[in-house]
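Asker: My structure is stored as model10.cif, with mmCIF, C-alpha atoms and all ligand atoms.
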```
data_work
loop_
_atom_site.label_atom_id
_atom_site.label_comp_id
_atom_site.auth_asym_id
_atom_site.auth_seq_id
_atom_site.Cartn_x
_atom_site.Cartn_y
_atom_site.Cartn_z
CA MET A 281 119.43 138.16 103.97
CA GLY A 282 122.03 135.68 102.81
CA LYS A 283 121.70 133.47 99.76
CA HIS A 284 118.21 132.06 99.27
CA THR A 285 117.87 128.29 99.38
CA LEU A 286 116.37 126.95 96.16
CA ILE A 287 114.86 123.54 95.55
CA GLN A 288 118.00 122.44 93.67
CA ASP A 289 120.03 123.15 96.82
CA ILE A 290 118.14 120.56 98.84
CA VAL A 291 118.82 117.70 96.40
CA GLY A 292 121.27 115.28 98.01
CA HIS A 293 123.07 115.91 101.33
CA THR A 294 120.83 113.18 102.78
CA PRO A 295 121.52 111.57 106.17
CA LEU A 296 123.20 108.19 106.42
CA LEU A 297 120.90 106.34 108.81
CA TYR A 298 122.17 103.67 111.18
CA LEU A 299 119.85 100.67 111.50
CA PRO A 300 120.29 99.54 115.15
CA SER A 301 118.03 96.51 115.15
CA LEU A 302 119.52 94.83 112.06
CA SER A 303 123.04 95.82 113.12
CA LYS A 304 122.59 94.19 116.53
CA LYS A 305 121.16 90.97 115.04
CA SER A 306 124.10 90.62 112.65
CA GLY A 307 127.02 92.02 114.60
CA CYS A 308 127.77 94.35 111.68
CA HIS A 309 127.05 98.06 111.24
CA ILE A 310 124.28 98.53 108.69
CA TYR A 311 123.76 102.02 107.27
CA ALA A 312 121.22 103.28 104.74
CA LYS A 313 121.29 106.53 102.77
CA ALA A 314 117.93 108.27 103.23
CA GLU A 315 117.31 109.23 99.60
CA TYR A 316 113.54 109.43 100.16
CA LEU A 317 114.27 112.79 101.86
CA ASN A 318 115.09 114.42 98.52
CA PRO A 319 112.55 117.12 97.50
CA GLY A 320 110.84 114.91 94.90
CA GLY A 321 110.98 111.95 97.28
CA SER A 322 113.56 109.71 95.62
CA VAL A 323 117.18 109.08 94.71
CA LYS A 324 116.30 110.08 91.14
CA ASP A 325 116.23 113.78 92.08
CA ARG A 326 120.03 113.60 91.98
CA THR A 327 119.94 112.14 88.48
CA ALA A 328 117.39 114.73 87.35
CA LEU A 329 119.47 117.65 88.60
CA GLY A 330 122.67 116.15 87.17
CA ILE A 331 121.14 115.58 83.74
CA ILE A 332 119.50 119.04 83.61
CA GLN A 333 122.64 120.91 84.72
CA ASP A 334 124.80 118.96 82.26
CA ALA A 335 122.39 119.61 79.37
CA GLU A 336 122.21 123.32 80.19
CA LYS A 337 126.00 123.50 80.28
CA ARG A 338 126.24 121.75 76.90
CA GLY A 339 123.62 124.13 75.49
CA VAL A 340 121.22 121.34 74.45
CA LEU A 341 118.52 122.32 76.96
CA LYS A 342 117.34 125.89 76.48
CA PRO A 343 114.56 128.05 77.97
CA GLY A 344 111.12 127.13 76.64
CA MET A 345 112.00 123.53 75.83
CA THR A 346 110.12 120.44 77.01
CA ILE A 347 111.96 117.66 78.83
CA VAL A 348 110.88 114.20 77.60
CA GLU A 349 111.66 110.98 79.42
CA GLY A 350 110.63 107.34 79.63
CA THR A 351 110.38 106.53 83.32
CA ALA A 352 108.94 104.21 85.94
CA GLY A 353 107.92 107.47 87.65
CA ASN A 354 110.63 108.66 90.00
CA THR A 355 112.89 110.16 87.34
CA GLY A 356 109.85 111.96 85.93
CA ILE A 357 108.99 113.33 89.36
CA GLY A 358 112.63 114.37 89.87
CA LEU A 359 112.83 116.11 86.49
CA ALA A 360 109.52 117.92 87.06
CA THR A 361 110.62 118.98 90.56
CA ILE A 362 113.76 120.63 89.16
CA ALA A 363 112.13 121.87 85.92
CA ALA A 364 109.37 123.89 87.61
CA GLN A 365 111.49 126.83 88.80
CA ARG A 366 113.55 126.79 85.60
CA GLY A 367 110.47 127.07 83.40
CA TYR A 368 110.80 123.82 81.43
CA LYS A 369 107.73 121.77 80.55
CA CYS A 370 107.77 117.99 81.06
CA LEU A 371 106.33 115.12 79.04
CA MET A 372 106.72 111.67 80.59
CA VAL A 373 106.09 108.22 79.12
CA LEU A 374 105.34 105.55 81.73
CA PRO A 375 104.23 101.93 81.90
CA ASN A 376 100.60 101.76 83.12
CA ASN A 377 101.24 99.41 86.06
CA GLN A 378 103.08 101.75 88.39
CA SER A 379 101.60 102.97 91.68
CA ILE A 380 98.73 105.48 91.46
CA GLU A 381 100.70 107.79 93.79
CA LYS A 382 103.30 108.34 91.06
CA TYR A 383 100.76 109.40 88.41
CA GLN A 384 98.98 111.68 90.92
CA THR A 385 102.27 113.32 91.88
CA LEU A 386 103.25 113.85 88.23
CA GLU A 387 99.86 115.42 87.53
CA ALA A 388 100.25 117.79 90.48
CA LEU A 389 103.64 118.79 89.06
CA ASN A 390 101.91 119.73 85.76
CA VAL A 391 103.53 116.92 83.77
CA GLU A 392 101.95 115.67 80.56
CA ILE A 393 101.70 111.89 81.03
CA ARG A 394 101.50 109.14 78.38
CA LYS A 395 100.79 105.66 79.76
CA PHE A 396 101.32 102.39 77.90
CA PRO A 397 101.10 98.69 78.79
CA PRO A 398 104.47 97.39 79.98
CA CYS A 399 106.44 95.46 77.35
CA PRO A 400 109.96 94.10 76.77
CA PHE A 401 112.69 96.53 75.73
CA ALA A 402 112.92 94.96 72.26
CA ASP A 403 109.33 96.05 71.59
CA GLN A 404 109.22 99.51 69.98
CA ASN A 405 106.32 100.39 72.33
CA HIS A 406 108.64 100.24 75.34
CA PHE A 407 108.60 103.61 77.17
CA TYR A 408 112.28 104.14 76.33
CA HIS A 409 111.63 104.04 72.55
CA GLN A 410 108.41 106.04 72.82
CA ALA A 411 110.24 108.86 74.61
CA ARG A 412 113.08 108.80 72.07
CA ARG A 413 110.64 108.94 69.14
CA ILE A 414 108.73 111.90 70.65
CA SER A 415 111.99 113.81 71.08
CA GLU A 416 112.95 113.06 67.46
CA THR A 417 109.74 114.64 66.12
CA ASP A 418 111.04 118.12 67.03
CA PRO A 419 114.62 118.37 68.34
CA GLU A 420 114.25 122.16 68.77
CA LYS A 421 111.34 121.69 71.14
CA TYR A 422 112.23 118.52 73.03
CA PHE A 423 115.16 117.51 75.19
CA TRP A 424 115.31 113.75 75.83
CA ALA A 425 116.85 113.14 79.30
CA ASN A 426 117.74 109.53 78.40
CA GLN A 427 118.59 108.43 81.94
CA PHE A 428 119.67 104.94 80.81
CA GLU A 429 122.40 105.98 78.36
CA ASN A 430 123.16 109.56 79.43
CA THR A 431 126.23 109.22 81.65
CA ALA A 432 125.52 112.50 83.45
CA ASN A 433 123.36 110.10 85.50
CA PHE A 434 126.17 108.00 87.00
CA GLN A 435 128.44 111.05 87.11
CA THR A 436 126.14 112.83 89.57
CA HIS A 437 126.32 109.81 91.92
CA TYR A 438 130.10 109.72 91.51
CA ASP A 439 130.24 113.43 92.37
CA THR A 440 127.72 113.49 95.23
CA THR A 441 126.29 110.19 96.57
CA GLY A 442 129.66 108.39 96.69
CA PRO A 443 131.60 111.17 98.49
CA GLU A 444 128.71 111.78 100.92
CA ILE A 445 128.64 108.08 101.91
CA TRP A 446 132.44 107.95 102.27
CA GLN A 447 132.51 110.99 104.59
CA GLN A 448 129.41 110.02 106.57
CA ALA A 449 130.75 106.49 107.20
CA ASP A 450 134.04 107.96 108.48
CA ARG A 451 135.94 106.60 105.48
CA LYS A 452 135.15 103.01 106.47
CA VAL A 453 132.92 101.24 103.96
CA ASP A 454 133.52 97.48 103.79
CA ILE A 455 130.50 96.57 101.68
CA PHE A 456 128.17 98.61 99.47
CA CYS A 457 125.09 97.04 97.90
CA SER A 458 122.27 98.29 95.69
CA ALA A 459 119.72 97.27 93.08
CA VAL A 460 119.90 98.61 89.52
CA GLY A 461 117.32 100.50 87.44
CA THR A 462 119.51 102.46 85.06
CA GLY A 463 122.67 101.55 86.99
CA GLY A 464 123.42 105.21 87.75
CA THR A 465 123.49 104.82 91.53
CA LEU A 466 125.49 101.57 91.61
CA ALA A 467 127.96 102.77 88.97
CA GLY A 468 128.65 106.20 90.46
CA VAL A 469 128.88 105.02 94.06
CA SER A 470 130.87 101.83 93.34
CA LYS A 471 133.39 103.67 91.17
CA TYR A 472 133.96 106.30 93.85
CA LEU A 473 134.17 103.85 96.76
CA LYS A 474 136.60 101.53 94.91
CA GLU A 475 138.84 104.52 94.21
CA MET A 476 138.83 105.40 97.91
CA ASN A 477 139.15 101.78 99.09
CA PRO A 478 139.98 99.13 96.46
CA ASN A 479 138.95 96.45 99.01
CA CYS A 480 135.42 97.80 99.32
CA HIS A 481 133.18 94.89 98.29
CA ILE A 482 130.35 95.79 95.88
CA ALA A 483 127.20 93.66 95.63
CA LEU A 484 124.49 94.09 93.02
CA LEU A 485 121.03 93.23 94.36
CA ASP A 486 118.58 91.99 91.76
CA PRO A 487 114.81 91.38 91.88
CA MET A 488 113.28 88.34 90.17
CA GLY A 489 112.53 89.04 86.49
CA SER A 490 115.78 90.97 85.99
CA GLY A 491 118.68 89.62 83.93
CA LEU A 492 121.56 91.17 85.86
CA PHE A 493 121.99 88.46 88.51
CA GLU A 494 122.63 85.83 85.83
CA TYR A 495 124.67 88.33 83.80
CA VAL A 496 127.09 88.86 86.70
CA GLN A 497 127.19 85.10 87.43
CA SER A 498 127.68 83.77 83.91
CA GLY A 499 127.78 86.65 81.42
CA GLN A 500 124.34 85.70 80.05
CA MET A 501 121.41 88.11 80.34
CA LYS A 502 118.69 85.70 81.49
CA SER A 503 115.84 86.05 83.94
CA THR A 504 113.25 83.95 85.74
CA GLY A 505 110.11 84.95 87.62
CA SER A 506 108.80 88.46 88.18
CA SER A 507 108.63 91.14 90.85
CA VAL A 508 106.24 93.79 92.16
CA THR A 509 109.16 96.15 92.84
CA GLU A 510 109.19 99.35 90.76
CA GLY A 511 112.11 101.15 89.13
CA ILE A 512 114.61 98.28 89.33
CA GLY A 513 115.62 95.27 87.24
CA ILE A 514 116.72 95.37 83.59
CA MET A 515 117.53 93.04 80.71
CA ARG A 516 120.34 95.00 79.08
CA VAL A 517 123.69 96.62 79.80
CA THR A 518 123.28 100.40 79.78
CA GLU A 519 126.08 102.96 79.36
CA ASN A 520 125.61 103.84 83.03
CA PHE A 521 125.73 100.23 84.22
CA LYS A 522 128.94 99.69 82.22
CA GLN A 523 130.71 101.95 84.71
CA ALA A 524 129.73 99.82 87.74
CA LYS A 525 132.38 97.85 89.64
CA VAL A 526 130.60 94.69 90.76
CA ASP A 527 132.12 91.86 92.81
CA GLN A 528 129.01 89.78 93.34
CA ALA A 529 125.27 89.65 92.64
CA LEU A 530 122.46 88.48 94.93
CA GLN A 531 118.91 87.66 93.89
CA ILE A 532 116.15 88.74 96.29
CA ASN A 533 112.52 87.74 95.95
CA ASP A 534 109.34 89.68 96.75
CA ASP A 535 108.58 87.67 99.93
CA GLN A 536 111.95 88.69 101.36
CA MET A 537 111.43 92.29 100.19
CA ILE A 538 107.94 92.68 101.72
CA THR A 539 109.07 91.03 104.96
CA MET A 540 111.83 93.63 105.28
CA LEU A 541 109.48 96.49 104.33
CA TYR A 542 107.16 95.58 107.23
CA TYR A 543 110.06 94.75 109.58
CA LEU A 544 111.57 98.22 109.12
CA ALA A 545 108.22 99.91 109.72
CA LYS A 546 107.72 97.92 112.93
CA HIS A 547 111.24 97.83 114.37
CA GLU A 548 112.95 100.93 113.00
CA GLY A 549 109.98 103.27 112.34
CA LEU A 550 111.08 103.50 108.74
CA LEU A 551 108.58 103.62 105.87
CA ILE A 552 110.52 102.71 102.77
CA GLY A 553 109.63 101.71 99.21
CA THR A 554 109.92 98.32 97.56
CA SER A 555 113.37 98.76 95.99
CA ALA A 556 114.67 100.20 99.27
CA ALA A 557 113.29 97.20 101.19
CA LEU A 558 114.99 94.89 98.70
CA ASN A 559 118.23 96.82 99.23
CA VAL A 560 118.04 96.53 103.02
CA TYR A 561 117.24 92.82 102.77
CA GLY A 562 120.40 92.43 100.66
CA ALA A 563 122.46 94.43 103.17
CA TYR A 564 121.13 92.25 106.00
CA GLN A 565 121.93 89.03 104.09
CA LEU A 566 125.48 90.24 103.49
CA ALA A 567 125.75 91.19 107.17
CA MET A 568 124.62 87.70 108.24
CA LYS A 569 127.26 86.17 105.94
CA ASN A 570 129.80 88.30 107.84
CA LYS A 571 128.11 87.80 111.21
CA GLY A 572 129.89 89.34 114.18
CA SER A 573 132.62 90.90 112.02
CA GLY A 574 131.69 94.52 112.82
CA LYS A 575 131.89 95.36 109.11
CA ASN A 576 130.35 98.59 107.83
CA ILE A 577 127.68 97.82 105.23
CA VAL A 578 125.94 100.60 103.30
CA THR A 579 122.87 100.60 101.06
CA ILE A 580 120.32 103.04 99.60
CA LEU A 581 116.77 103.90 100.69
CA CYS A 582 115.65 104.89 97.16
CA ASP A 583 112.18 106.16 98.06
CA SER A 584 109.38 105.97 100.63
CA ALA A 585 106.65 103.41 101.26
CA LEU A 586 104.20 106.32 101.02
CA ARG A 587 104.83 106.37 97.25
CA TYR A 588 103.29 102.85 97.15
CA GLN A 589 100.89 102.87 100.08
CA SER A 590 97.90 102.02 97.87
CA LYS A 591 99.77 98.80 97.15
CA VAL A 592 102.02 97.78 100.04
CA PHE A 593 99.70 98.89 102.88
CA ASN A 594 96.62 97.48 101.18
CA SER A 595 95.66 93.98 102.33
CA GLU A 596 93.65 93.33 99.13
CA TRP A 597 96.70 94.07 96.99
CA LEU A 598 98.97 91.91 99.16
CA LYS A 599 96.46 89.05 98.86
CA GLU A 600 96.18 89.46 95.10
CA LYS A 601 99.99 89.33 94.79
CA ASN A 602 100.17 86.41 97.25
CA LEU A 603 102.52 88.34 99.53
CA THR A 604 102.56 87.74 103.28
CA PRO A 605 105.11 89.64 105.34
CA SER A 606 106.78 87.06 107.57
CA GLU A 607 107.39 87.69 111.29
CA ASN A 608 110.78 86.08 110.89
CA LEU A 609 113.55 87.71 108.84
CA ASP A 610 115.61 84.56 108.24
N1 LIG B 701 114.54 102.43 93.18
C1 LIG B 701 113.58 103.18 92.63
C2 LIG B 701 112.27 103.28 93.34
C3 LIG B 701 113.79 103.82 91.41
O1 LIG B 701 112.82 104.56 90.85
C4 LIG B 701 115.05 103.66 90.75
C5 LIG B 701 115.32 104.33 89.44
N2 LIG B 701 114.67 103.78 88.34
C6 LIG B 701 116.01 102.84 91.35
C7 LIG B 701 115.74 102.26 92.57
C8 LIG B 701 117.32 102.53 90.68
O2 LIG B 701 118.22 103.55 90.57
P1 LIG B 701 119.22 103.65 89.33
O3 LIG B 701 118.42 104.11 88.14
O4 LIG B 701 120.22 104.67 89.76
O5 LIG B 701 119.84 102.32 89.07
#
```
Would you write out, as structure tokens, the structure that this file holds?
Answerer:
Amino acid sequence: MGKHTLIQDIVGHTPLLYLPSLSKKSGCHIYAKAEYLNPGGSVKDRTALGIIQDAEKRGVLKPGMTIVEGTAGNTGIGLATIAAQRGYKCLMVLPNNQSIEKYQTLEALNVEIRKFPPCPFADQNHFYHQARRISETDPEKYFWANQFENTANFQTHYDTTGPEIWQQADRKVDIFCSAVGTGGTLAGVSKYLKEMNPNCHIALLDPMGSGLFEYVQSGQMKSTGSSVTEGIGIMRVTENFKQAKVDQALQINDDQMITMLYYLAKHEGLLIGTSAALNVYGAYQLAMKNKGSGKNIVTILCDSALRYQSKVFNSEWLKEKNLTPSENLD
């Protein structure tokens, strides 16, 4: 027998999918990195592994400790996925409006869950502050992953996601676009791609209710509206986001996002989550602006629609949120 494959070995190395239907419509080549194929089902498995390995190396995460994190769910699932074989316990603080699938998955992974009503970051009840305070009660027992400010997050995307995309796209990436939760993905990938090709154009995709679109436009962190997307959109500049190289920002609304989510299911057989659908809508918009140019455009499929099926494939929920997937993409 050769070397055994462990769960940590199947984090990353995801396929770069070509999207034929959208590519044909736009006369560009649209690619999407299938991050939902990670063992915990999202792009955040990379962050989880990167943060855990870095903390072990620095000696701040030791056997018997509990990993604490404030999360919209995916980082918690990623951390628990990696922690199980290493013998760490997990305690996760989440807002109480995330999809039921995330809480059920965390429970199955033996995670202790604390749920609180969502609130602005300035409020000390925000999940970020709650997680920090728990970790401060006993620094010997708790390790706070701190995905927003811990730069092991963007570093793992710089070391893995960026190089994988560059190789898989045959060293031809004209445009990369992605939404931001912590900024880890956009920062790590944009930094790597700009180093490989300084002309690679980087677009930040922002849901309504996030301040980053306006921040990139005018330097002011301001938002309007709201979004049903999960795990993306912020109102502050994190240490990870600071590393991002951004040329432009686009704002994408929930109608556009849900239209793309259903379009991809119907025309590409792809079941992807809300942030991923927003990403592909952004990639398609950028392709249409460069129509017929044959440019290579890359984005991220952060997680699967199955993580939200009680919402996005539920007609009652769609009605309640006033969302109607349109037949027409444009
Ligand atoms: N999509 C989903 C579903 C997520 O959970 C996250 C992470 N919060 C993101 C996108 C954004 O990734 P990042 O934190 O690297 O900006």
Asker: Name all residues at most 10 Å from range 385-395 of chain A (count all atoms listed in the file; drop same-chain ones fewer than 2 positions away) and give them as a PyMOL selection string.
Answerer: chain A and resi 320+347-348+350+353-354+356-361+363-364+369-378+380-383+397-398+407+410-411+587
Asker: I need the residues from that last selection saved to file as an mmCIF file, in the coordinates of the input (with C-alpha atoms), if you can.
Answerer:
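Once everything was written out, this is result16.cif:
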```
data_model
loop_
_atom_site.group_PDB
_atom_site.id
_atom_site.type_symbol
_atom_site.label_atom_id
_atom_site.label_comp_id
_atom_site.auth_asym_id
_atom_site.auth_seq_id
_atom_site.Cartn_x
_atom_site.Cartn_y
_atom_site.Cartn_z
ATOM 1 C CA GLY A 320 110.840 114.910 94.900
ATOM 2 C CA ILE A 347 111.960 117.660 78.830
ATOM 3 C CA VAL A 348 110.880 114.200 77.600
ATOM 4 C CA GLY A 350 110.630 107.340 79.630
ATOM 5 C CA GLY A 353 107.920 107.470 87.650
ATOM 6 C CA ASN A 354 110.630 108.660 90.000
ATOM 7 C CA GLY A 356 109.850 111.960 85.930
ATOM 8 C CA ILE A 357 108.990 113.330 89.360
ATOM 9 C CA GLY A 358 112.630 114.370 89.870
ATOM 10 C CA LEU A 359 112.830 116.110 86.490
ATOM 11 C CA ALA A 360 109.520 117.920 87.060
ATOM 12 C CA THR A 361 110.620 118.980 90.560
ATOM 13 C CA ALA A 363 112.130 121.870 85.920
ATOM 14 C CA ALA A 364 109.370 123.890 87.610
ATOM 15 C CA LYS A 369 107.730 121.770 80.550
ATOM 16 C CA CYS A 370 107.770 117.990 81.060
ATOM 17 C CA LEU A 371 106.330 115.120 79.040
ATOM 18 C CA MET A 372 106.720 111.670 80.590
ATOM 19 C CA VAL A 373 106.090 108.220 79.120
ATOM 20 C CA LEU A 374 105.340 105.550 81.730
ATOM 21 C CA PRO A 375 104.230 101.930 81.900
ATOM 22 C CA ASN A 376 100.600 101.760 83.120
ATOM 23 C CA ASN A 377 101.240 99.410 86.060
ATOM 24 C CA GLN A 378 103.080 101.750 88.390
ATOM 25 C CA ILE A 380 98.730 105.480 91.460
ATOM 26 C CA GLU A 381 100.700 107.790 93.790
ATOM 27 C CA LYS A 382 103.300 108.340 91.060
ATOM 28 C CA TYR A 383 100.760 109.400 88.410
ATOM 29 C CA PRO A 397 101.100 98.690 78.790
ATOM 30 C CA PRO A 398 104.470 97.390 79.980
ATOM 31 C CA PHE A 407 108.600 103.610 77.170
ATOM 32 C CA GLN A 410 108.410 106.040 72.820
ATOM 33 C CA ALA A 411 110.240 108.860 74.610
ATOM 34 C CA ARG A 587 104.830 106.370 97.250
#
```
Asker: What are the closest atom pairs, with distances in Å to one decimal, for all residues of chain A lying within 6 Å of ligand LIG 701 (chain B)? Consider only C-alpha atoms and all ligand atoms, order rows by chain and residue number, and present the result as JSON lines.
Answerer:
```
{"residue": "A:Asn354", "atom": "CA", "partner": "B:LIG701", "partner_atom": "O1", "distance": 4.7}
{"residue": "A:Val460", "atom": "CA", "partner": "B:LIG701", "partner_atom": "O5", "distance": 3.7}
{"residue": "A:Gly461", "atom": "CA", "partner": "B:LIG701", "partner_atom": "O5", "distance": 3.5}
{"residue": "A:Thr462", "atom": "CA", "partner": "B:LIG701", "partner_atom": "O3", "distance": 3.7}
{"residue": "A:Gly463", "atom": "CA", "partner": "B:LIG701", "partner_atom": "O5", "distance": 3.6}
{"residue": "A:Gly464", "atom": "CA", "partner": "B:LIG701", "partner_atom": "O4", "distance": 3.8}
{"residue": "A:Thr465", "atom": "CA", "partner": "B:LIG701", "partner_atom": "O4", "distance": 3.7}
{"residue": "A:Glu510", "atom": "CA", "partner": "B:LIG701", "partner_atom": "C2", "distance": 5.6}
{"residue": "A:Gly511", "atom": "CA", "partner": "B:LIG701", "partner_atom": "N2", "distance": 3.8}
{"residue": "A:Ile512", "atom": "CA", "partner": "B:LIG701", "partner_atom": "C6", "distance": 5.2}
{"residue": "A:Ser555", "atom": "CA", "partner": "B:LIG701", "partner_atom": "N1", "distance": 4.8}
{"residue": "A:Cys582", "atom": "CA", "partner": "B:LIG701", "partner_atom": "N1", "distance": 4.8}
{"residue": "A:Asp583", "atom": "CA", "partner": "B:LIG701", "partner_atom": "C2", "distance": 5.5}
```
Asker: Within 12 Å of (122.9, 98.9, 113.3), all atoms listed in the file: residues as a list of chain:residue names?
Answerer: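 Neighbouring residues, ordered by chain and number, come to A:Leu296, A:Leu297, A:Tyr298, A:Leu299, A:Pro300, A:Ser301, A:Leu302, A:Ser303, A:Lys304, A:Lys305, A:Ser306, A:Gly307, A:Cys308, A:His309, A:Ile310, A:Tyr311, A:Ala312, A:His547, A:Glu548, A:Val560, A:Ala563, A:Tyr564, A:Ala567, A:Gly572, A:Gly574, A:Lys575, A:Asn576, A:Ile577, A:Val578.
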Asker: Have a look at A:Ile362, A:Leu492, A:Ile332, A:Ser498 and name the one nearest to Arg516 in chain A; count all atoms listed in the file.
Answerer: A:Leu492
Asker: From the set A:Leu466, A:Met476, A:Ala328, A:Met568, which residue has the shortest atom-to-atom contact distance to Asp527 in chain A, counting only C-alpha atoms?
Answerer: A:Leu466
Asker: Expressed in Å to a single decimal, how great is the separation between CA of Asp439 in chain A and CA of Gln333 in chain A?
Answerer: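 Distance between the two atoms: 13.1 Å.
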Asker: What is the CA of Ala352 in chain A to CA of Ser322 in chain A distance in Å?
Answerer: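 Going from CA of Ala352 in chain A over to CA of Ser322 in chain A, I get 12.1 Å.
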Asker: One number please: CA of Leu544 in chain A to CA of Asn602 in chain A, in Å, one decimal.
Answerer: 20.3 Å
Asker: I'd like the contact shell of Ala524 in chain A - 10 Å cut-off, all atoms listed in the file, skipping same-chain residues fewer than 4 positions apart - returned as a PDB file with C-alpha atoms, in the frame of the given file.
Answerer:
```
ATOM      1  CA  PHE A 434     126.170 108.000  87.000  1.00  0.00           C
ATOM      2  CA  GLY A 463     122.670 101.550  86.990  1.00  0.00           C
ATOM      3  CA  GLY A 464     123.420 105.210  87.750  1.00  0.00           C
ATOM      4  CA  THR A 465     123.490 104.820  91.530  1.00  0.00           C
ATOM      5  CA  LEU A 466     125.490 101.570  91.610  1.00  0.00           C
ATOM      6  CA  ALA A 467     127.960 102.770  88.970  1.00  0.00           C
ATOM      7  CA  GLY A 468     128.650 106.200  90.460  1.00  0.00           C
ATOM      8  CA  VAL A 469     128.880 105.020  94.060  1.00  0.00           C
ATOM      9  CA  SER A 470     130.870 101.830  93.340  1.00  0.00           C
ATOM     10  CA  LYS A 471     133.390 103.670  91.170  1.00  0.00           C
ATOM     11  CA  TYR A 472     133.960 106.300  93.850  1.00  0.00           C
ATOM     12  CA  ILE A 482     130.350  95.790  95.880  1.00  0.00           C
ATOM     13  CA  LEU A 484     124.490  94.090  93.020  1.00  0.00           C
ATOM     14  CA  GLU A 519     126.080 102.960  79.360  1.00  0.00           C
ATOM     15  CA  ASN A 520     125.610 103.840  83.030  1.00  0.00           C
TER      16      ASN A 520
END
```
Asker: What's around Tyr408 in chain A at 10 Å? Count only C-alpha atoms, leave out sequence neighbours fewer than 2 positions away in its own chain, and write the answer as JSON, numbers by chain.
Answerer: {"A": [349, 350, 351, 373, 374, 401, 403, 404, 405, 406, 410, 411, 412, 413, 426, 427, 428]}
Asker: I need the residue nearest Gln435 in chain A from this list: A:Glu596, A:Asp334, A:Glu494, A:Glu315. Use only C-alpha atoms for the distance.
Answerer: A:Asp334
Asker: Could you pull the residues within 10 Å of Leu530 in chain A, counting only C-alpha atoms, minus those fewer than 5 positions along the same chain, as a tab-separated table (two decimals) with C-alpha atoms, in the coordinates of the input?
Answerer:
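And here is the file that came out, result.tsv:
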```
chain	number	residue	atom	x	y	z
A	457	CYS	CA	125.09	97.04	97.90
A	458	SER	CA	122.27	98.29	95.69
A	459	ALA	CA	119.72	97.27	93.08
A	483	ALA	CA	127.20	93.66	95.63
A	484	LEU	CA	124.49	94.09	93.02
A	485	LEU	CA	121.03	93.23	94.36
A	486	ASP	CA	118.58	91.99	91.76
A	487	PRO	CA	114.81	91.38	91.88
A	492	LEU	CA	121.56	91.17	85.86
A	493	PHE	CA	121.99	88.46	88.51
A	494	GLU	CA	122.63	85.83	85.83
A	496	VAL	CA	127.09	88.86	86.70
A	497	GLN	CA	127.19	85.10	87.43
A	562	GLY	CA	120.40	92.43	100.66
A	565	GLN	CA	121.93	89.03	104.09
A	566	LEU	CA	125.48	90.24	103.49
```
Asker: Find the spatial neighbours of Phe593 in chain A, counting all atoms listed in the file, within a cut-off of 12 Å - ignore same-chain residues fewer than 4 positions away - and output them as JSON, numbers by chain.
Answerer: {"A": [538, 541, 542, 545, 551, 552, 553, 554, 585, 586, 587, 588, 589, 597, 598, 599, 603, 604, 605]}
Asker: Between A:Gln523, A:Gln448, A:Gln365, A:Asn570, which is the closest to Lys313 in chain A once you count only C-alpha atoms?
Answerer: A:Gln448
Asker: When you write range 568-575 of chain A out from the block above, keep N, CA, C and O atoms and present the result as a short mmCIF file (atom, residue, chain, number, x, y, z; two decimals), in the first residue's frame, please.
Answerer:
```
data_model
loop_
_atom_site.label_atom_id
_atom_site.label_comp_id
_atom_site.auth_asym_id
_atom_site.auth_seq_id
_atom_site.Cartn_x
_atom_site.Cartn_y
_atom_site.Cartn_z
N MET A 568 -20.09 39.82 -21.60
CA MET A 568 -20.93 40.56 -22.55
C MET A 568 -20.34 41.94 -22.85
O MET A 568 -20.52 42.47 -23.94
N LYS A 569 -19.65 42.52 -21.87
CA LYS A 569 -18.97 43.81 -22.11
C LYS A 569 -17.80 43.63 -23.07
O LYS A 569 -17.33 44.59 -23.68
N ASN A 570 -17.27 42.40 -23.12
CA ASN A 570 -16.14 42.08 -24.02
C ASN A 570 -16.60 41.13 -25.12
O ASN A 570 -15.83 40.27 -25.57
N LYS A 571 -17.84 41.28 -25.53
CA LYS A 571 -18.49 40.30 -26.42
C LYS A 571 -17.65 40.00 -27.68
O LYS A 571 -17.17 40.91 -28.34
N GLY A 572 -17.50 38.69 -27.94
CA GLY A 572 -16.80 38.28 -29.15
C GLY A 572 -15.28 38.36 -29.08
O GLY A 572 -14.60 38.06 -30.05
N SER A 573 -14.75 38.77 -27.94
CA SER A 573 -13.30 39.00 -27.84
C SER A 573 -12.51 37.71 -27.61
O SER A 573 -11.29 37.71 -27.73
N GLY A 574 -13.19 36.62 -27.23
CA GLY A 574 -12.49 35.36 -26.95
C GLY A 574 -11.68 35.41 -25.66
O GLY A 574 -10.83 34.55 -25.42
N LYS A 575 -11.95 36.42 -24.82
CA LYS A 575 -11.18 36.52 -23.56
C LYS A 575 -11.49 35.35 -22.62
O LYS A 575 -12.60 34.81 -22.62
#
```
